[in-house]
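What follows is protein_33.cif (mmCIF, C-alpha atoms).
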data_model
#
loop_
_atom_site.group_PDB
_atom_site.id
_atom_site.type_symbol
_atom_site.label_atom_id
_atom_site.label_comp_id
_atom_site.auth_asym_id
_atom_site.auth_seq_id
_atom_site.Cartn_x
_atom_site.Cartn_y
_atom_site.Cartn_z
ATOM 1 C CA MET D 1 -17.717 32.610 35.276
ATOM 2 C CA LYS D 2 -16.310 35.603 33.436
ATOM 3 C CA LEU D 3 -16.937 39.300 34.093
ATOM 4 C CA VAL D 4 -16.395 41.970 31.445
ATOM 5 C CA ARG D 5 -16.399 45.455 32.906
ATOM 6 C CA SER D 6 -18.060 48.348 31.092
ATOM 7 C CA SER D 7 -14.659 50.066 31.184
ATOM 8 C CA ASP D 8 -13.208 47.268 28.996
ATOM 9 C CA ASP D 9 -13.964 49.091 25.759
ATOM 10 C CA HIS D 10 -12.705 47.508 22.534
ATOM 11 C CA SER D 11 -14.681 49.635 20.060
ATOM 12 C CA LYS D 12 -13.774 49.597 16.381
ATOM 13 C CA GLN D 13 -15.219 50.994 13.175
ATOM 14 C CA GLY D 14 -17.204 48.533 11.117
ATOM 15 C CA THR D 15 -15.976 47.713 7.614
ATOM 16 C CA THR D 16 -19.008 45.806 6.325
ATOM 17 C CA PHE D 17 -21.516 48.660 6.435
ATOM 18 C CA SER D 18 -22.978 51.392 4.258
ATOM 19 C CA GLY D 19 -22.376 54.451 6.424
ATOM 20 C CA LYS D 20 -20.641 54.677 9.787
ATOM 21 C CA ALA D 21 -21.081 52.037 12.474
ATOM 22 C CA THR D 22 -19.103 51.318 15.623
ATOM 23 C CA LEU D 23 -18.807 47.799 17.015
ATOM 24 C CA ASN D 24 -18.049 47.118 20.657
ATOM 25 C CA PRO D 25 -17.506 43.387 21.193
ATOM 26 C CA ARG D 26 -18.579 42.763 24.794
ATOM 27 C CA MET D 27 -18.139 38.994 25.143
ATOM 28 C CA GLY D 28 -16.684 36.465 22.759
ATOM 29 C CA ALA D 29 -17.726 32.832 22.632
ATOM 30 C CA GLN D 30 -16.356 30.989 25.653
ATOM 31 C CA GLN D 31 -16.560 27.611 23.938
ATOM 32 C CA GLU D 32 -16.847 26.322 20.403
ATOM 33 C CA GLY D 33 -20.258 27.270 19.001
ATOM 34 C CA GLY D 34 -20.928 29.440 22.053
ATOM 35 C CA VAL D 35 -22.647 32.788 22.438
ATOM 36 C CA LYS D 36 -21.068 36.109 21.358
ATOM 37 C CA LEU D 37 -22.433 39.521 22.395
ATOM 38 C CA THR D 38 -21.692 42.795 20.571
ATOM 39 C CA MET D 39 -23.067 46.316 20.962
ATOM 40 C CA VAL D 40 -23.376 48.071 17.583
ATOM 41 C CA GLU D 41 -24.025 51.798 17.133
ATOM 42 C CA PHE D 42 -25.216 52.915 13.696
ATOM 43 C CA GLU D 43 -25.071 56.565 12.640
ATOM 44 C CA ASP D 44 -27.771 58.206 10.507
ATOM 45 C CA GLY D 45 -28.994 55.682 7.930
ATOM 46 C CA ALA D 46 -26.012 53.303 8.212
ATOM 47 C CA VAL D 47 -26.846 49.637 7.565
ATOM 48 C CA THR D 48 -24.915 46.382 7.403
ATOM 49 C CA ASN D 49 -24.090 44.689 4.155
ATOM 50 C CA TRP D 50 -26.135 41.622 3.338
ATOM 51 C CA HIS D 51 -24.870 38.732 5.452
ATOM 52 C CA VAL D 52 -25.599 35.234 6.722
ATOM 53 C CA HIS D 53 -24.793 33.766 10.143
ATOM 54 C CA PRO D 54 -24.012 30.053 10.525
ATOM 55 C CA GLY D 55 -25.993 30.030 13.778
ATOM 56 C CA GLU D 56 -28.806 32.073 15.270
ATOM 57 C CA GLN D 57 -28.730 35.831 15.815
ATOM 58 C CA ILE D 58 -30.854 37.892 18.168
ATOM 59 C CA LEU D 59 -30.944 41.683 17.909
ATOM 60 C CA TYR D 60 -32.229 43.776 20.817
ATOM 61 C CA ILE D 61 -32.869 47.404 19.838
ATOM 62 C CA VAL D 62 -31.540 49.713 22.572
ATOM 63 C CA THR D 63 -31.834 53.260 21.194
ATOM 64 C CA GLY D 64 -33.056 55.168 18.150
ATOM 65 C CA LYS D 65 -35.014 54.068 15.104
ATOM 66 C CA GLY D 66 -33.865 51.309 12.825
ATOM 67 C CA ARG D 67 -34.776 48.905 10.105
ATOM 68 C CA VAL D 68 -34.139 45.243 9.419
ATOM 69 C CA GLY D 69 -34.778 43.226 6.318
ATOM 70 C CA ASP D 70 -34.493 39.883 4.636
ATOM 71 C CA GLU D 71 -34.969 38.899 1.020
ATOM 72 C CA GLU D 72 -38.761 39.226 1.312
ATOM 73 C CA LYS D 73 -39.571 42.132 3.613
ATOM 74 C CA GLN D 74 -38.319 45.149 5.593
ATOM 75 C CA TRP D 75 -39.440 46.231 9.080
ATOM 76 C CA ASP D 76 -39.065 49.439 11.087
ATOM 77 C CA VAL D 77 -37.763 48.813 14.627
ATOM 78 C CA GLU D 78 -37.483 50.828 17.847
ATOM 79 C CA PRO D 79 -36.156 50.419 21.401
ATOM 80 C CA GLY D 80 -37.331 47.235 23.084
ATOM 81 C CA ASP D 81 -37.955 45.364 19.811
ATOM 82 C CA VAL D 82 -36.310 41.933 19.526
ATOM 83 C CA ILE D 83 -35.519 40.271 16.198
ATOM 84 C CA HIS D 84 -34.617 36.591 15.721
ATOM 85 C CA ILE D 85 -32.657 35.645 12.605
ATOM 86 C CA GLY D 86 -32.330 31.947 11.889
ATOM 87 C CA PRO D 87 -29.170 30.151 10.800
ATOM 88 C CA GLY D 88 -28.416 30.795 7.128
ATOM 89 C CA GLU D 89 -31.046 33.549 6.763
ATOM 90 C CA ARG D 90 -29.733 36.287 4.444
ATOM 91 C CA HIS D 91 -30.456 39.686 6.003
ATOM 92 C CA TRP D 92 -29.279 43.218 6.887
ATOM 93 C CA HIS D 93 -30.016 45.726 9.686
ATOM 94 C CA GLY D 94 -29.200 49.278 10.735
ATOM 95 C CA ALA D 95 -30.412 52.806 11.389
ATOM 96 C CA ALA D 96 -33.382 54.407 9.657
ATOM 97 C CA ALA D 97 -32.661 57.431 7.462
ATOM 98 C CA GLY D 98 -32.390 60.556 9.633
ATOM 99 C CA HIS D 99 -31.830 58.525 12.816
ATOM 100 C CA ASN D 100 -29.097 56.820 14.789
ATOM 101 C CA MET D 101 -29.755 53.367 16.244
ATOM 102 C CA SER D 102 -27.957 50.980 18.575
ATOM 103 C CA HIS D 103 -28.581 47.305 19.150
ATOM 104 C CA ILE D 104 -27.167 44.400 21.059
ATOM 105 C CA SER D 105 -26.338 41.450 18.825
ATOM 106 C CA VAL D 106 -26.213 37.944 20.288
ATOM 107 C CA THR D 107 -24.910 35.260 17.929
ATOM 108 C CA THR D 108 -23.953 31.596 18.112
ATOM 109 C CA VAL D 109 -21.716 29.185 16.187
ATOM 110 C CA GLY D 110 -19.308 31.615 14.514
ATOM 111 C CA SER D 111 -18.700 34.637 12.344
ATOM 112 C CA PRO D 112 -21.049 35.778 9.573
ATOM 113 C CA VAL D 113 -20.346 35.511 5.874
ATOM 114 C CA TRP D 114 -20.446 39.054 4.481
ATOM 115 C CA GLU D 115 -21.812 39.911 1.048
ATOM 116 C CA ASP D 116 -22.466 43.059 -0.999
ATOM 117 C CA HIS D 117 -24.029 46.276 0.236
ATOM 118 C CA ALA D 118 -27.711 46.105 1.099
ATOM 119 C CA PRO D 119 -29.894 47.814 -1.506
ATOM 120 C CA ASP D 120 -30.705 51.499 -1.160
ATOM 121 C CA LEU D 121 -33.920 51.549 0.815
#

Any chance you could give the structure as structure tokens?
Amino acid sequence: MKLVRSSDDHSKQGTTFSGKATLNPRMGAQQEGGVKLTMVEFEDGAVTNWHVHPGEQILYIVTGKGRVGDEEKQWDVEPGDVIHIGPGERHWHGAAAGHNMSHISVTTVGSPVWEDHAPDL
């Protein structure tokens, strides 16, 4: 068992975003291919670049208003919404224009492959 205290803050500014986002890694994978949990706080309209995860990703929207998209569609999201992104699915996510948004990201298998900025939406 491993406990990570809320006081163990390792926040850092994201570098693969349009706009300002703060990442707070809460728990790294404890074994190869294991689960990783990160809290991400997006400022007004900030979104990730396009990216692909080698494993699954689950996003749990905690605060604010956001948006998520893949190559086919975009959705508006709000607190309590849960999004599943399958392995290899190209996507982006972040805050809606005029709003901040925070989500918990749970991923498996490893780090994402980052691409170009998401389109202006």

**Message:** Report as a ChimeraX atom specification all protein, DNA and RNA residues lying within 6 Å of region 37-43 of chain D, evaluated on only C-alpha atoms, omitting residues in the same chain fewer than 2 positions from it.
**Reply:** /D:20-27,46,95,100-106

**Request:** With a distance cut-off of 10 Å and all atoms listed in the file, select the neighbouring residues of Gln31 (chain D), excluding the residue or stretch itself and same-chain residues fewer than 4 positions from it, and output the selection as a VMD selection string.
**Result:** chain D and resid 35 to 36 109

**Request:** Work out how far apart CA of Glu78 (chain D) and CA of Glu115 (chain D) are and give it in Å to one decimal.
**Result:**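 Answer for the CA of Glu78 (chain D) to CA of Glu115 (chain D) separation: 25.4 Å.
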
**Asked** How many Å separate CA of Gly86 (chain D) from CA of Ile61 (chain D)?
**Response** 17.4 Å

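What separates CA of Gln13 (chain D) from CA of Ile58 (chain D) is a distance of 21.0 Å.
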
**Request:** Can you pull out every residue within 12 Å of His91 (chain D), counting all atoms listed in the file, but drop anything in the same chain fewer than 2 positions away, and send it as a PyMOL selection string?
**Result:** chain D and resi 47-53+57+67-75+83-89+93-94+112-119
